[in-house]
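**Student:** Attaching a single structure in C-alpha cells format; questions to follow.
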Amino acid sequence: MNTDQRNAGLPPVTADVVAAAVESLTARLRKKLDAAIESYAALPVEAADGVLRVKCGEDAEVALTPGPTGAVTDAGQAVCSCLLAPRCLHRAAVLGACPVADADAVAEPEPAPADTVQEPGTPAGAGAVASTGNGTPDEPPAPTGPTPAQVAAATALWGAAAAVLAAGVPAAGAVPQAELLRAAHTARLAGLHRAEAAALRVVRGLRAARARHSGHRLADLVANVSELLLTTARLAARDPDPGLVGTARRAYRPGGGLRVQGVCREPVIAATGYGGVVTHLVSEDGRWFSVADVKPGGPARARGAGTASVALGSGTLDHAQLSRGGLLISGATLSPDGRLGSGKGVRATPVAGLPWTQGALAALFARPLAEAVAARLAARAGTDPERAGRTADELIGCDVVLVGAAGEHLLARELTAGRPQEDGPLIRLAPANGHPDLAHTANFRRLASRPGLRLRVIGRLDPDRAATLRPLAVGPVPDTEETLRLPAEWDGHADLGYDRIQGAHFPPPDVLPLTGAVVGVPPDPLAQAPLWRLRRLVEVAVSGGRRAVAEPARDGDRAGSAAALRRGGFRAAADLSAALTAEADRRTRDVFGRTAEADPDRYAQVWLAASVYLAGTERALVQATWEHGEAHV
C-alpha cells in the first residue's frame with residue numbers, strides 16, 4: 001500500500017473519512033486545523049488490542065480502530081473522548097495526521113460472475129468478455145464516453161484541483177486538501193479510478209512539500225497536478241477514450257505456473273521511514289516480475305533485507321540467493337505491477353539460475369540501447385500512467401566501456417557489435433541511490449578509477465536527464481579480458497547496492513587500455529536551453545501559487561522570460577510563458593469596483609497548457625540525447 005506516512009504509528013485513512021471530519025468543523029476550528037495536525041503528528045501512539053490511541057491533552061483521547069485491511073475506512077472507527085466529538089478538532093487533526101490510504105484499502109468488489117472473464121487492464125465492470133458455448137468471445141462494446149455522473153464528478157474534481165493550484169503549496173493546507181479528497185471520493189464512486197489515484201498522489205505530494213520531507217520532489221508534484229487536471233478536463237469534455245477512466249486497483253490475481261530467474265536486488269529507502277529490498281526477476285518469455293520486502297525500518301532494514309528470507313513458497317531462499325537463482329512457481333498470484341504474491345496456495349521450488357548470457361537476459365543485452373529507451377519514453381507518454389508505469393520502469397541492459405568520471409557520475413560509451421568502441425554513443429551512469437549506508441557510491445568510486453573497463457550493466461532509465469542510466473547491477477562483458485573478475489559465489493554479477501567491488505575484482509592495470517582525459521562532452525540540452533525559464537514558471541505556480549507567478553508581471557518583467565525563450569527558438573514556450581504570467585496577474589472587480597476572486601478555471605487551463613507542452617518538449621529532448629549519444633557533466 002502506497003502511503004505518505006507522517007507518523008509510523010498511525011494507520012492510513014481513506015479519503016472520505018478525512019474529508020467528512022474536516023467538513024464537520026466550524027469555521028473557527030478549521031483555522032486551527034493545520035497547526036493541530038502538525039502538533040498531533042508528533043504525539044506518541046499507544047497500541048493495544050487492535051486499537052491505536054493518541055492522547056490530545058488532558059481531557060481528550062482519539063481512538064482509531066483500523067479494519068481488516070489495516071486502514072480506517074469508516075467514520076465510526078475514529079472516536080474522540082471530548083465533549084464536542086465527533087465534530088471536534090482533536091479527531092479531525094489526528095485523522096489529518098494519518099497517511100491517505102489507497103483506494104484498495106476499501107473492501108474488494110465482488111468477483112465477476114463465473115460465465116465472464118475480466119480482461120486484465122480493463123475497468124472493473126467494463127469490457128468484460130462473455131464466454132460463449134463455442135469458445136468464441138463476443139466483441140467488446142465500442143467506447144461510449146463517460147456517463148453524466150462521471151462528467152459531473154470529473155468537473156467537481158477539476159474545480160478542487162484548480163483551487164489547489166491557485167493556492168499553491170503554502171496555502172493548500174488541510175481544508176483545501178479535504179475538498180480535494182472529497183472530490184476524489186466522489187470520483188471513485190463514479191468509477192473514475194485514474195482521476196482518483198491522481199488526486200490522492202497530489203494530496204500526498206502537498207503534505208510532503210508542506211512538511212519539507214527529504215524525499216519530496218517538486219517535479220513529481222507538478223507532474224501529478226498536471227495529470228489530474230488533464231484527466232479531469234478530458235473527462236469533463238466527454239472524451240470517449242476508455243483509458244481516462246482507468247482501472248480499479250485489484251488485489252493479486254491468479255498467474256498460473258511460472259518459471260522465473262533472478263536478475264538483481266535493489267535496496268529501498270523511502271522518505272516515509274520504510275526500508276527493504278526488491279528482487280527483480282524475469283520469466284522465460286521476457287516478462288518482468290519482482291518480490292518485495294519493504295516495511296518500516298529505514299536504512300538499517302534496507303541493509304538487512306538484502307539477505308532476508310524470501311516470503312514465497314517454502315521460504316528456503318534469501319533475497320541474495322534469489323537474485324542469482326530461480327524459482328519454479330505453481331499457483332502464482334500477481335499484482336497489477338508484476339509483484340509476486342505469497343498466498344497460501346502459492347508453491348515455489350528453487351531451481352538453478354541462468355547467467356546473463358543465456359535466456360531472456362541475453363535478448364535484453366542484444367537490443368540497442370536507443371531502441372529500449374525509446375520504448376520506455378513512449379510508455380511514459382501514454383494516456384494512463386498507472387498502466388504505462390510498468391513498461392516505463394522496466395530495467396534496461398547494455399554493454400559499455402568506461403570513459404571517465406564526471407563528479408559522482410561515470411561517463412561511458414555503449415559497445416555495439418560492428419562499431420568501433422570510440423564511436424559508441426556517450427551516456428552517463430549515475431548512482432541509483434546515494435545513501436551512505438548503501439554500497440552504490442563506494443562502488444562508483446572504484447569503477448571511476450578504471451577507465452577502459454568494460455561492463456555489462458542492468459539499470460533503470462532516468463527520464464529527466466539527458467542520456468542517463470542508473471545501474472542496479474554490473475557484470476563482466478563476455479569474451480574480453482578488459483572486464484570484471486567477480487567471485488564465483490556472486491554468479492556473474494554484482495548488486496551495486498549490496499555487493500562491494502574490491503580491487504581484486506578488476507583486471508590487472510596493464511590489461512586496460514590507456515585513455516586520455518574526457519573531452520568533447522556534448523552539452524545537456526535540458527540544462528542549457530532557455531526552456532528552463534518555462535519550467536521554473538510552471539514549478540513556481542505549484543510551489544508558490546498564483547500570486548508567485550504574477551510577481552514578474554507586477555515588477556514590470558512580464559516580457560523578460562518570453563523574450564529569452566523566443567530568442568532561443570522556443571516560440572510556443574514564449575507564448576505560453578507570457579499567457580500564464582498575464583493570467584496569473586488578471587484581476588476582476590465586482591459591481592462595486594472591489595477586487596474579486598480571480599477565476600481559477602481559466603488560470604488552471606493556461607497552466608495546464610504550459611505544463612503539457614513542457615513535458616512533451618523535454619521528453620523529446622531527452623530522447624534526442626539517447627539517439628545521438630549526448631551526455632552532460
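The way I read the labels, and the way they are meant: chains A, B, ... in the order of the C-alpha cells, residue 1 as the first residue of every chain, and ligand 1 as the first ligand shown, with later ones counted on from there.
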Sorted by chain and rising residue number, which residues of range 199-318 of chain A lie within 12 Å of range 455-470 of chain A, and what are their closest atom pairs and distances in Å to one decimal, counting only C-alpha atoms, as JSON lines?

**Tutor:**
```
{"residue": "A:Ala219", "atom": "CA", "partner": "A:Asp464", "partner_atom": "CA", "distance": 9.4}
{"residue": "A:Asp220", "atom": "CA", "partner": "A:Asp464", "partner_atom": "CA", "distance": 10.8}
{"residue": "A:Ala223", "atom": "CA", "partner": "A:Asp464", "partner_atom": "CA", "distance": 11.8}
{"residue": "A:Val263", "atom": "CA", "partner": "A:Ile458", "partner_atom": "CA", "distance": 8.6}
{"residue": "A:Cys264", "atom": "CA", "partner": "A:Ile458", "partner_atom": "CA", "distance": 8.4}
{"residue": "A:Arg265", "atom": "CA", "partner": "A:Ile458", "partner_atom": "CA", "distance": 10.9}
{"residue": "A:Glu266", "atom": "CA", "partner": "A:Gly459", "partner_atom": "CA", "distance": 10.0}
{"residue": "A:His280", "atom": "CA", "partner": "A:Ile458", "partner_atom": "CA", "distance": 10.8}
```

**Student:** Leaving out Gly298 in chain A and any residue of its chain fewer than 3 positions from it, which residues lie within 8 Å of it when counting only C-alpha atoms, given as a list of chain:residue names?

**Tutor:**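 Result of the neighbour search: A:Ile269, A:Ala270, A:Gly273, A:Tyr274, A:Gly275, A:Gly276, A:Arg301, A:Ala302.
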
**Student:** Keeping N, CA and C atoms, export the residues of the selection given above as a short mmCIF file (atom, residue, chain, number, x, y, z; two decimals), in the first residue's frame.

**Tutor:**
```
data_model
loop_
_atom_site.label_atom_id
_atom_site.label_comp_id
_atom_site.auth_asym_id
_atom_site.auth_seq_id
_atom_site.Cartn_x
_atom_site.Cartn_y
_atom_site.Cartn_z
N ILE A 269 14.97 2.67 0.27
CA ILE A 269 14.93 3.54 1.44
C ILE A 269 13.97 4.67 1.12
N ALA A 270 12.82 4.68 1.77
CA ALA A 270 11.79 5.69 1.50
C ALA A 270 11.87 6.81 2.52
N GLY A 273 10.15 6.52 6.06
CA GLY A 273 10.61 5.65 7.13
C GLY A 273 10.59 4.18 6.79
N TYR A 274 10.25 3.84 5.57
CA TYR A 274 10.22 2.44 5.15
C TYR A 274 11.57 2.05 4.55
N GLY A 275 11.91 0.78 4.67
CA GLY A 275 13.14 0.27 4.08
C GLY A 275 12.97 -1.19 3.73
N GLY A 276 13.80 -1.67 2.81
CA GLY A 276 13.71 -3.07 2.43
C GLY A 276 14.42 -3.33 1.13
N ARG A 301 17.00 -1.37 7.93
CA ARG A 301 16.24 -2.50 7.42
C ARG A 301 16.59 -2.77 5.95
N ALA A 302 16.86 -1.72 5.18
CA ALA A 302 17.24 -1.92 3.78
C ALA A 302 18.53 -2.73 3.69
#
```

**Student:** Could you name the residues that touch Ala609 in chain A at 12 Å or less, counting only C-alpha atoms, but leaving out those on the same chain fewer than 6 positions away, as an MDAnalysis selection string?

**Tutor:** chainID A and resid 226:227 229:230 233 534 538 572:573 575:577 579:580 602:603 615:616

**Student:** Grab the residues selected above and save them as a compact mmCIF listing (two decimals), in the first residue's frame with N, CA and C atoms.

**Tutor:**
```txt
# COMPACT_ATOMS: atom_id res chain seq x y z
N SER A 226 -0.53 18.08 -13.04
CA SER A 226 -0.81 18.14 -14.46
C SER A 226 -1.64 16.94 -14.91
N GLU A 227 -1.29 15.75 -14.42
CA GLU A 227 -2.05 14.54 -14.77
C GLU A 227 -3.49 14.65 -14.28
N LEU A 229 -5.30 17.42 -13.66
CA LEU A 229 -6.05 18.41 -14.42
C LEU A 229 -6.33 17.93 -15.85
N LEU A 230 -5.36 17.30 -16.48
CA LEU A 230 -5.56 16.84 -17.85
C LEU A 230 -6.62 15.75 -17.92
N ALA A 233 -10.09 17.28 -17.14
CA ALA A 233 -10.54 18.17 -18.21
C ALA A 233 -11.08 17.37 -19.39
N LEU A 534 10.59 28.41 -18.67
CA LEU A 534 9.20 27.96 -18.59
C LEU A 534 9.05 26.92 -17.48
N VAL A 538 6.39 27.10 -14.38
CA VAL A 538 5.41 26.04 -14.11
C VAL A 538 5.57 25.51 -12.69
N ALA A 572 6.64 28.76 -29.05
CA ALA A 572 5.44 28.31 -28.34
C ALA A 572 5.63 28.45 -26.83
N ALA A 573 6.82 28.13 -26.35
CA ALA A 573 7.10 28.28 -24.92
C ALA A 573 7.01 29.74 -24.50
N ASP A 575 5.12 32.10 -25.88
CA ASP A 575 3.71 32.49 -25.84
C ASP A 575 3.03 31.94 -24.59
N LEU A 576 3.34 30.69 -24.24
CA LEU A 576 2.72 30.09 -23.05
C LEU A 576 3.20 30.77 -21.78
N SER A 577 4.47 31.13 -21.73
CA SER A 577 5.00 31.83 -20.56
C SER A 577 4.32 33.18 -20.37
N ALA A 579 1.38 34.08 -21.55
CA ALA A 579 -0.03 33.88 -21.24
C ALA A 579 -0.24 33.49 -19.79
N LEU A 580 0.64 32.64 -19.25
CA LEU A 580 0.50 32.21 -17.86
C LEU A 580 0.75 33.36 -16.90
N ARG A 602 -9.82 29.40 -15.60
CA ARG A 602 -9.05 29.92 -16.72
C ARG A 602 -7.55 29.84 -16.42
N TYR A 603 -7.16 30.15 -15.19
CA TYR A 603 -5.75 30.08 -14.80
C TYR A 603 -5.25 28.64 -14.89
N ALA A 615 6.34 19.14 -20.73
CA ALA A 615 6.64 17.72 -20.58
C ALA A 615 6.94 17.08 -21.92
N GLY A 616 6.17 17.40 -22.94
CA GLY A 616 6.40 16.82 -24.25
C GLY A 616 7.71 17.27 -24.87
```

**Student:** Can you tell me which residues surround Pro240 in chain A at a distance of at most 9 Å, considering only C-alpha atoms, apart from same-chain residues fewer than 5 positions away, and format the answer as a VMD selection string?

**Tutor:** chain A and resid 143 to 146 234 to 235

**Student:** Could you please take those selected residues and save C-alpha atoms as a PDB file, in the first residue's frame?

**Tutor:**
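Everything below was put into selection28.pdb:
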```pdb
ATOM      1  CA  PRO A 143     -16.346   3.186 -26.189  1.00  0.00           C
ATOM      2  CA  THR A 144     -19.301   5.419 -25.431  1.00  0.00           C
ATOM      3  CA  GLY A 145     -17.605   8.087 -23.352  1.00  0.00           C
ATOM      4  CA  PRO A 146     -18.120   8.990 -19.707  1.00  0.00           C
ATOM      5  CA  ARG A 234     -10.844  15.474 -20.873  1.00  0.00           C
ATOM      6  CA  LEU A 235     -13.489  13.591 -18.897  1.00  0.00           C
TER       7      LEU A 235
END
```

**Student:** When you count only C-alpha atoms, which of these residues is closest to Thr307 in chain A: A:Leu614, A:Ala332, A:Val278, A:Leu189?

**Tutor:**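 Residue with the minimum atom-to-atom distance to Thr307 in chain A: A:Val278.
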
**Student:** Point out the residue among A:Pro513, A:Pro425, A:Gly168, A:Gly568 with the least atom-to-atom distance to Ala624 in chain A, counting only C-alpha atoms.

**Tutor:**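 Selected residue with least distance to Ala624 in chain A: A:Pro425.
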
**Student:** Measuring atom to atom with only C-alpha atoms, identify which of A:Ala405, A:Leu411, A:Leu206, A:Val72 is nearest to Ala167 in chain A.

**Tutor:**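 Nearest candidate to Ala167 in chain A out of A:Ala405, A:Leu411, A:Leu206, A:Val72: A:Leu206.
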
**Student:** Using only C-alpha atoms, determine which residues lie at most 7 Å from Ala320 in chain A, disregarding the query and same-chain residues fewer than 2 positions distant; provide the list as a list in words.

**Tutor:** Gly306, Thr307, Asp318, Leu322, Ser323 and Arg324 of chain A

**Student:** Using only C-alpha atoms, which protein or nucleic acid residues come within 10 Å of range 215-217 of chain A? Drop anything in the same chain fewer than 6 positions from it, and give the result as a list in words.

**Tutor:**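 The residues that qualify are Arg204, Gly205, Leu206, Arg207, Ala208, Ala209, Ile269, Ala270, Ala271 and Thr272 of chain A.
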
**Student:** How many Å separate CA of Leu258 in chain A from CA of Gly338 in chain A?

**Tutor:**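 Calculated distance between CA of Leu258 in chain A and CA of Gly338 in chain A is 12.3 Å.
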
**Student:** One number please: CA of Arg485 in chain A to CA of Gly503 in chain A, in Å, one decimal.

**Tutor:**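 Separation of CA of Arg485 in chain A and CA of Gly503 in chain A: 10.0 Å.
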
**Student:** What are the DSSP helix (DSSP H, G or I) residues of range 280-384 of chain A, as a PyMOL selection string?

**Tutor:** chain A and resi 298-305+319-322+359-366+369-380

**Student:** Just give me the gap between CA of Asp74 in chain A and CA of Ala35 in chain A in Å, one decimal is fine.

**Tutor:**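 The value is 24.6 Å.
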